[in-house]
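A.B. asks: So that you have it, the file is coords_4.cif, and it contains mmCIF, C-alpha atoms:
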data_data
loop_
_atom_site.label_atom_id
_atom_site.label_comp_id
_atom_site.auth_asym_id
_atom_site.auth_seq_id
_atom_site.Cartn_x
_atom_site.Cartn_y
_atom_site.Cartn_z
CA MET A 1 -92.38 64.10 -4.84
CA ASN A 2 -94.22 66.03 -7.57
CA LEU A 3 -96.90 68.18 -5.98
CA GLY A 4 -99.90 69.63 -7.79
CA LEU A 5 -102.68 71.92 -6.67
CA ILE A 6 -106.40 71.53 -7.38
CA ALA A 7 -107.96 75.00 -7.67
CA LEU A 8 -111.60 76.02 -7.32
CA PHE A 9 -112.07 79.34 -9.11
CA ASP A 10 -115.75 79.91 -8.43
CA GLY A 11 -116.48 83.47 -9.46
CA GLN A 12 -116.54 84.77 -5.90
CA PRO A 13 -114.41 87.78 -4.86
CA GLY A 14 -110.75 86.88 -5.30
CA SER A 15 -111.52 84.22 -7.90
CA THR A 16 -111.42 86.16 -11.17
CA LEU A 17 -109.57 84.98 -14.26
CA GLU A 18 -106.92 87.58 -13.49
CA ASP A 19 -106.56 85.97 -10.07
CA ALA A 20 -106.25 82.57 -11.76
CA GLY A 21 -103.21 83.89 -13.58
CA ARG A 22 -101.68 85.36 -10.42
CA THR A 23 -102.30 82.16 -8.47
CA ALA A 24 -100.78 80.02 -11.21
CA LYS A 25 -97.68 82.23 -11.28
CA HIS A 26 -97.38 82.02 -7.49
CA LEU A 27 -97.67 78.22 -7.60
CA GLU A 28 -94.97 78.03 -10.25
CA GLU A 29 -92.70 80.24 -8.17
CA LEU A 30 -93.29 78.01 -5.13
CA GLY A 31 -92.21 74.97 -7.15
CA PHE A 32 -95.55 73.21 -7.69
CA HIS A 33 -95.47 70.70 -10.53
CA SER A 34 -99.05 71.08 -11.75
CA LEU A 35 -102.29 73.04 -11.48
CA TRP A 36 -105.63 71.24 -11.90
CA HIS A 37 -109.19 72.49 -12.20
CA PRO A 38 -112.43 70.47 -11.91
CA GLU A 39 -115.65 70.67 -13.92
CA HIS A 40 -119.39 70.68 -13.46
CA VAL A 41 -121.52 72.38 -16.08
CA VAL A 42 -124.48 72.76 -13.72
CA LEU A 43 -125.11 71.97 -10.05
CA PHE A 44 -128.23 71.16 -8.05
CA ALA A 45 -129.56 71.95 -4.59
CA GLU A 46 -130.47 68.29 -4.08
CA TYR A 47 -128.98 65.06 -5.45
CA ALA A 48 -129.88 61.41 -5.46
CA PRO A 49 -127.30 59.48 -3.37
CA ASN A 50 -125.00 58.66 -6.28
CA TYR A 51 -121.78 60.47 -5.34
CA PRO A 52 -118.98 57.89 -4.97
CA TYR A 53 -116.75 59.92 -2.65
CA SER A 54 -118.90 60.34 0.46
CA PRO A 55 -120.34 57.80 2.92
CA ASP A 56 -123.95 58.79 2.23
CA GLY A 57 -123.55 59.21 -1.53
CA VAL A 58 -124.41 62.93 -1.40
CA PRO A 59 -121.86 65.57 -2.46
CA GLN A 60 -121.11 68.56 -0.27
CA LEU A 61 -121.74 71.19 -2.94
CA PRO A 62 -123.59 74.08 -1.28
CA PRO A 63 -126.21 75.92 -3.39
CA GLY A 64 -124.99 79.13 -4.94
CA LYS A 65 -121.48 77.80 -5.45
CA GLY A 66 -119.90 76.58 -8.66
CA TRP A 67 -116.71 77.11 -10.60
CA TYR A 68 -115.41 78.36 -13.90
CA ASP A 69 -114.99 76.28 -17.02
CA PRO A 70 -111.65 74.50 -16.59
CA LEU A 71 -110.31 75.15 -20.08
CA LEU A 72 -110.82 78.90 -19.71
CA VAL A 73 -109.21 78.96 -16.27
CA LEU A 74 -106.20 77.04 -17.57
CA ALA A 75 -105.87 79.44 -20.51
CA ALA A 76 -105.61 82.28 -17.99
CA ALA A 77 -102.99 80.28 -16.08
CA ALA A 78 -101.05 79.62 -19.29
CA ALA A 79 -100.66 83.36 -19.90
CA THR A 80 -98.63 83.91 -16.70
CA THR A 81 -96.55 80.71 -16.48
CA THR A 82 -93.90 78.84 -18.46
CA ARG A 83 -93.23 75.59 -16.59
CA ILE A 84 -96.11 74.35 -14.43
CA ARG A 85 -98.31 71.69 -16.04
CA LEU A 86 -101.99 72.55 -16.46
CA GLY A 87 -104.66 69.87 -16.09
CA THR A 88 -108.38 69.22 -15.86
CA SER A 89 -109.36 67.17 -12.81
CA ILE A 90 -111.59 66.12 -14.17
CA LEU A 91 -113.42 67.10 -17.36
CA ILE A 92 -116.64 65.10 -17.81
CA LEU A 93 -115.97 63.68 -21.26
CA PRO A 94 -119.40 62.25 -22.23
CA GLU A 95 -120.97 65.68 -21.61
CA ARG A 96 -118.81 67.29 -24.31
CA ASN A 97 -119.05 67.28 -28.11
CA PRO A 98 -115.83 65.46 -29.08
CA LEU A 99 -115.14 67.49 -32.22
CA VAL A 100 -115.52 70.79 -30.38
CA LEU A 101 -113.50 69.51 -27.43
CA ALA A 102 -110.69 68.21 -29.64
CA LYS A 103 -110.35 71.70 -31.11
CA GLN A 104 -110.42 73.36 -27.69
CA VAL A 105 -107.83 70.98 -26.26
CA ALA A 106 -105.48 71.39 -29.23
CA THR A 107 -105.84 75.18 -29.02
CA LEU A 108 -105.08 75.24 -25.30
CA ASP A 109 -102.11 72.92 -25.81
CA HIS A 110 -100.69 75.54 -28.19
CA LEU A 111 -101.47 78.44 -25.85
CA CYS A 112 -99.62 76.80 -22.97
CA GLY A 113 -96.70 75.54 -25.06
CA GLY A 114 -97.48 71.83 -24.72
CA ARG A 115 -98.10 71.73 -20.95
CA LEU A 116 -101.70 70.47 -20.96
CA ASP A 117 -102.88 67.30 -19.19
CA LEU A 118 -106.41 66.25 -20.15
CA GLY A 119 -107.94 64.67 -17.05
CA ILE A 120 -111.19 62.94 -17.98
CA GLY A 121 -113.99 61.09 -16.21
CA ILE A 122 -117.47 59.82 -16.98
CA GLY A 123 -119.39 61.75 -14.30
CA TRP A 124 -121.58 60.63 -11.42
CA SER A 125 -124.64 62.92 -11.56
CA PRO A 126 -127.75 61.71 -13.45
CA GLU A 127 -129.25 65.13 -12.76
CA GLU A 128 -126.49 66.91 -14.69
CA PHE A 129 -126.71 64.55 -17.67
CA ARG A 130 -130.51 64.90 -17.73
CA ALA A 131 -130.26 68.71 -17.78
CA LEU A 132 -127.83 68.53 -20.69
CA GLY A 133 -130.04 66.12 -22.63
CA ILE A 134 -127.40 63.37 -22.65
CA PRO A 135 -128.17 59.78 -21.58
CA PHE A 136 -126.56 58.86 -18.26
CA GLU A 137 -126.66 55.17 -19.19
CA ARG A 138 -123.66 53.81 -21.10
CA ARG A 139 -121.72 56.99 -20.48
CA GLY A 140 -118.54 54.92 -20.15
CA ALA A 141 -118.94 53.51 -23.65
CA ARG A 142 -119.75 57.00 -24.92
CA ALA A 143 -116.58 58.37 -23.31
CA ASP A 144 -114.46 55.64 -24.89
CA ASP A 145 -115.95 56.38 -28.33
CA TYR A 146 -115.42 60.12 -27.90
CA LEU A 147 -111.79 59.62 -26.89
CA ALA A 148 -111.16 57.36 -29.90
CA ALA A 149 -112.71 60.02 -32.16
CA MET A 150 -110.54 62.77 -30.65
CA ASN A 151 -107.44 60.65 -31.15
CA ARG A 152 -108.21 60.52 -34.86
CA LEU A 153 -108.80 64.29 -35.01
CA TRP A 154 -105.53 64.99 -33.21
CA GLN A 155 -103.42 62.59 -35.25
CA ASP A 156 -104.89 62.11 -38.74
CA ASP A 157 -105.31 64.42 -41.71
CA PRO A 158 -107.96 63.92 -42.94
CA ALA A 159 -109.59 62.14 -39.99
CA THR A 160 -112.28 59.47 -40.15
CA HIS A 161 -114.07 57.76 -37.29
CA GLU A 162 -117.02 55.38 -37.34
CA GLY A 163 -118.32 54.75 -33.81
CA GLU A 164 -121.51 54.03 -31.96
CA PHE A 165 -121.94 57.58 -30.64
CA VAL A 166 -120.02 59.73 -33.14
CA SER A 167 -119.10 59.26 -36.79
CA PHE A 168 -117.40 61.48 -39.36
CA ARG A 169 -115.38 61.11 -42.55
CA ASP A 170 -112.53 63.10 -44.11
CA VAL A 171 -112.48 65.81 -41.45
CA LEU A 172 -109.66 68.37 -41.30
CA SER A 173 -109.11 69.47 -37.71
CA TRP A 174 -106.45 72.08 -36.97
CA PRO A 175 -104.34 72.90 -35.13
CA LYS A 176 -102.93 69.55 -34.12
CA PRO A 177 -101.77 69.49 -30.49
CA VAL A 178 -98.20 70.46 -29.67
CA GLN A 179 -97.85 67.23 -27.68
CA GLN A 180 -97.99 64.26 -29.99
CA PRO A 181 -99.63 61.87 -30.46
CA ARG A 182 -101.89 63.78 -28.02
CA PRO A 183 -101.85 65.70 -24.75
CA PRO A 184 -101.59 63.14 -21.94
CA VAL A 185 -105.00 61.69 -21.08
CA ILE A 186 -105.28 61.22 -17.31
CA VAL A 187 -108.26 59.03 -16.37
CA GLY A 188 -110.01 59.94 -13.12
CA GLY A 189 -111.64 57.68 -10.55
CA GLN A 190 -110.91 54.58 -8.50
CA SER A 191 -113.81 52.32 -9.47
CA LEU A 192 -112.95 49.14 -11.32
CA GLY A 193 -114.28 50.68 -14.52
CA ALA A 194 -112.09 53.75 -14.09
CA LEU A 195 -109.00 51.63 -13.40
CA ARG A 196 -109.67 49.56 -16.52
CA ARG A 197 -110.20 52.69 -18.62
CA ALA A 198 -106.92 54.14 -17.36
CA ALA A 199 -105.09 50.90 -18.12
CA ARG A 200 -106.56 50.52 -21.60
CA HIS A 201 -106.87 54.09 -22.84
CA GLY A 202 -105.00 56.45 -20.53
CA ASP A 203 -101.55 57.94 -20.26
CA GLY A 204 -102.10 58.32 -16.54
CA TRP A 205 -104.59 58.02 -13.69
CA ILE A 206 -105.80 60.39 -10.99
CA SER A 207 -107.77 59.41 -7.89
CA TRP A 208 -109.93 61.58 -5.66
CA MET A 209 -110.27 61.25 -1.88
CA LEU A 210 -108.90 57.72 -1.97
CA PRO A 211 -108.59 56.69 1.71
CA VAL A 212 -104.98 56.52 2.83
CA GLU A 213 -105.35 52.86 3.78
CA GLU A 214 -106.51 52.04 0.23
CA VAL A 215 -103.69 53.77 -1.65
CA GLY A 216 -101.51 50.66 -1.92
CA SER A 217 -104.25 48.16 -2.80
CA THR A 218 -105.89 50.43 -5.39
CA THR A 219 -102.54 51.13 -7.03
CA ASP A 220 -101.89 47.39 -7.17
CA ARG A 221 -105.29 46.82 -8.84
CA LEU A 222 -104.46 49.42 -11.47
CA ARG A 223 -101.15 47.72 -12.18
CA ASP A 224 -102.97 44.40 -12.49
CA GLU A 225 -105.35 45.98 -15.01
CA CYS A 226 -102.37 47.28 -16.97
CA ALA A 227 -100.90 43.80 -17.09
CA ALA A 228 -104.25 42.38 -18.24
CA ALA A 229 -104.34 44.99 -21.03
CA GLY A 230 -100.81 44.11 -22.11
CA ARG A 231 -99.31 47.38 -20.89
CA ASP A 232 -96.32 48.09 -18.72
CA PRO A 233 -97.68 49.74 -15.53
CA ALA A 234 -94.62 51.98 -15.51
CA GLU A 235 -95.98 53.71 -18.63
CA LEU A 236 -98.71 55.40 -16.58
CA ARG A 237 -98.50 58.54 -14.51
CA TYR A 238 -100.05 58.06 -11.04
CA VAL A 239 -101.64 61.11 -9.39
CA TYR A 240 -103.45 61.05 -6.03
CA GLY A 241 -105.97 63.85 -5.45
CA ILE A 242 -106.74 64.75 -1.83
CA PRO A 243 -108.18 67.67 0.14
CA TYR A 244 -105.68 69.30 2.48
CA THR A 245 -106.65 69.18 6.14
CA THR A 246 -103.59 69.11 8.44
CA PRO A 247 -99.82 68.73 8.05
CA LYS A 248 -99.96 65.35 9.80
CA ALA A 249 -102.63 63.98 7.45
CA PHE A 250 -100.76 65.28 4.40
CA GLN A 251 -97.48 63.71 5.48
CA ALA A 252 -99.18 60.37 6.17
CA TYR A 253 -100.73 60.40 2.71
CA ALA A 254 -97.45 61.31 1.05
CA GLU A 255 -95.79 58.37 2.79
CA ALA A 256 -98.53 56.00 1.61
CA VAL A 257 -98.05 57.22 -1.96
CA ARG A 258 -94.30 56.67 -1.71
CA GLN A 259 -94.80 53.16 -0.35
CA ALA A 260 -97.09 52.44 -3.31
CA GLY A 261 -94.20 53.26 -5.61
CA ALA A 262 -95.66 56.52 -6.90
CA ASP A 263 -94.62 60.12 -6.49
CA GLU A 264 -97.35 62.61 -7.33
CA ILE A 265 -100.10 64.21 -5.23
CA ALA A 266 -102.61 66.88 -6.21
CA VAL A 267 -103.92 68.81 -3.21
CA LEU A 268 -107.13 70.78 -2.82
CA PRO A 269 -106.12 73.48 -0.29
CA TRP A 270 -109.61 74.33 0.92
CA VAL A 271 -109.27 75.32 4.58
CA PRO A 272 -112.16 77.76 5.19
CA ASP A 273 -110.75 79.44 8.28
CA ARG A 274 -107.30 80.20 6.83
CA GLU A 275 -105.84 82.42 4.11
CA LEU A 276 -105.14 80.53 0.89
CA ARG A 277 -101.57 81.80 0.53
CA ASP A 278 -100.71 80.69 4.06
CA VAL A 279 -101.99 77.20 3.29
CA LEU A 280 -100.09 77.08 0.00
CA ASP A 281 -96.85 78.09 1.71
CA GLU A 282 -97.39 75.44 4.37
CA ILE A 283 -98.00 72.70 1.80
CA ALA A 284 -94.95 73.73 -0.20
CA LYS A 285 -92.74 73.60 2.89
CA LEU A 286 -94.10 70.19 3.90
CA ALA A 287 -93.37 68.84 0.43
CA GLY A 288 -89.84 70.22 0.51
CA LEU A 289 -90.46 72.67 -2.35
CA VAL A 290 -89.12 75.62 -0.36
#
Take the structure in this file and express it as structure tokens.
C.D. replies:
Amino acid sequence: MNLGLIALFDGQPGSTLEDAGRTAKHLEELGFHSLWHPEHVVLFAEYAPNYPYSPDGVPQLPPGKGWYDPLLVLAAAAATTTRIRLGTSILILPERNPLVLAKQVATLDHLCGGRLDLGIGIGWSPEEFRALGIPFERRGARADDYLAAMNRLWQDDPATHEGEFVSFRDVLSWPKPVQQPRPPVIVGGQSLGALRRAARHGDGWISWMLPVEEVGSTTDRLRDECAAAGRDPAELRYVYGIPYTTPKAFQAYAEAVRQAGADEIAVLPWVPDRELRDVLDEIAKLAGLV
């Protein structure tokens, strides 16, 4: 099984960009397949109940905590590694200017030697969109338009795109990504809309906190959406993002992923009462990496 790690470099002691490079090197030495980093531009002390991954709709994001920009963290990781794949899990696409982002992604793909995975989502926080001055409504359509525009920038010379949310003509955008036609786009989320977006526009899919009993049925729904879009489900990369709690829970989840016919998990190793390196070593041993 391919095993990835979801990191939370939050600017606290032991979470500097230098530490990001050391951690990435350690993960590569342990045999991890990928390193992922999430994104929120701004956070809030209070949220409306709109978070899709908790029973009450409220995220557990304590005030005073945040994390670094994922593209900068992954650039630091690229400097110390040669093999491990580097991904965003996830970058909130409709919050980003697509021309600027296309340049940043292509640059990072060069810096890491073609190891970048662009995990994208449409976001869940109206508060964050409001602070950024971006409409929360129709963010899915905006994301689709932005991705189509970036595809043109990455592949065409000159590039032209006429969309509802972004339009340009005869643009020269360099460098082109190392990975062609683009760095793999991994669509995040397990809602029906996210599954359809992955099937229609993605090179892969990544879930977050998908209950173990729903792994098989959700994977089947994604494959059905691929068939409806005229795509072979085997074309997609399937990644299952989970927080690490106990060895027993991890092993049960890995078995559910195997039974679903997939073979990749990305683990958030946040165990507050334990040292990070001890948890990483434990996960690696459970996954048979060492």
A.B. asks: The PyMOL selection byres ((chain A and resi 204) around 10) on the file shown: which residues, as a ChimeraX atom specification?
C.D. replies: /A:117-119,184-188,198-199,201-203,205-206,233-239
A.B. asks: Between A:Ala229, A:Leu268, A:Leu286, A:Ile90, which is the closest to Pro247 (chain A) once you count all atoms listed in the file?
C.D. replies: A:Leu286
A.B. asks: Contacts of Ala254 (chain A) at 10 Å or less, counting only C-alpha atoms, minus same-chain residues fewer than 5 places along, as a VMD selection string?
C.D. replies: chain A and resid 1 3 212 240 248 to 249 259 to 260 262 to 265 286 to 287
A.B. asks: Contacts of Val41 (chain A) at 12 Å or less, counting only C-alpha atoms, minus same-chain residues fewer than 6 places along, as a ChimeraX atom specification?
C.D. replies: /A:65-70,90-93,95-96,123,125,127-132
A.B. asks: Suppose a student applies the PyMOL selection byres ((chain A and resi 180) around 12) to this structure; what residues should they get, written as a PDB file with C-alpha atoms, in the coordinates of the input?
C.D. replies:
ATOM      1  CA  ALA A 106    -105.480  71.390 -29.230  1.00  0.00           C
ATOM      2  CA  ASP A 109    -102.110  72.920 -25.810  1.00  0.00           C
ATOM      3  CA  HIS A 110    -100.690  75.540 -28.190  1.00  0.00           C
ATOM      4  CA  GLY A 114     -97.480  71.830 -24.720  1.00  0.00           C
ATOM      5  CA  ARG A 115     -98.100  71.730 -20.950  1.00  0.00           C
ATOM      6  CA  LEU A 116    -101.700  70.470 -20.960  1.00  0.00           C
ATOM      7  CA  ASN A 151    -107.440  60.650 -31.150  1.00  0.00           C
ATOM      8  CA  ARG A 152    -108.210  60.520 -34.860  1.00  0.00           C
ATOM      9  CA  LEU A 153    -108.800  64.290 -35.010  1.00  0.00           C
ATOM     10  CA  TRP A 154    -105.530  64.990 -33.210  1.00  0.00           C
ATOM     11  CA  GLN A 155    -103.420  62.590 -35.250  1.00  0.00           C
ATOM     12  CA  ASP A 156    -104.890  62.110 -38.740  1.00  0.00           C
ATOM     13  CA  PRO A 175    -104.340  72.900 -35.130  1.00  0.00           C
ATOM     14  CA  LYS A 176    -102.930  69.550 -34.120  1.00  0.00           C
ATOM     15  CA  PRO A 177    -101.770  69.490 -30.490  1.00  0.00           C
ATOM     16  CA  VAL A 178     -98.200  70.460 -29.670  1.00  0.00           C
ATOM     17  CA  GLN A 179     -97.850  67.230 -27.680  1.00  0.00           C
ATOM     18  CA  PRO A 181     -99.630  61.870 -30.460  1.00  0.00           C
ATOM     19  CA  ARG A 182    -101.890  63.780 -28.020  1.00  0.00           C
ATOM     20  CA  PRO A 183    -101.850  65.700 -24.750  1.00  0.00           C
ATOM     21  CA  PRO A 184    -101.590  63.140 -21.940  1.00  0.00           C
ATOM     22  CA  VAL A 185    -105.000  61.690 -21.080  1.00  0.00           C
TER      23      VAL A 185
END
A.B. asks: Would you compute, for all listed atoms of region 247-259 of chain A, the axis-aligned bounding box grown by 3 Å on each side, and then report its centre and edge lengths in Å rounded to one decimal, as lines of an AutoDock Vina configuration file?
C.D. replies:
center_x = -98.5
center_y = 60.9
center_z = 3.9
size_x = 14.3
size_y = 21.6
size_z = 17.8
A.B. asks: Rounded to one decimal, what separation in Å do you get between CA of Ile242 (chain A) and CA of Trp208 (chain A)?
C.D. replies: 5.9 Å
A.B. asks: Tell me which residues the PyMOL selection byres ((chain A and resi 281) around 12) grabs here, as a VMD selection string.
C.D. replies: chain A and resid 5 26 to 27 29 to 32 247 269 274 to 280 282 to 290
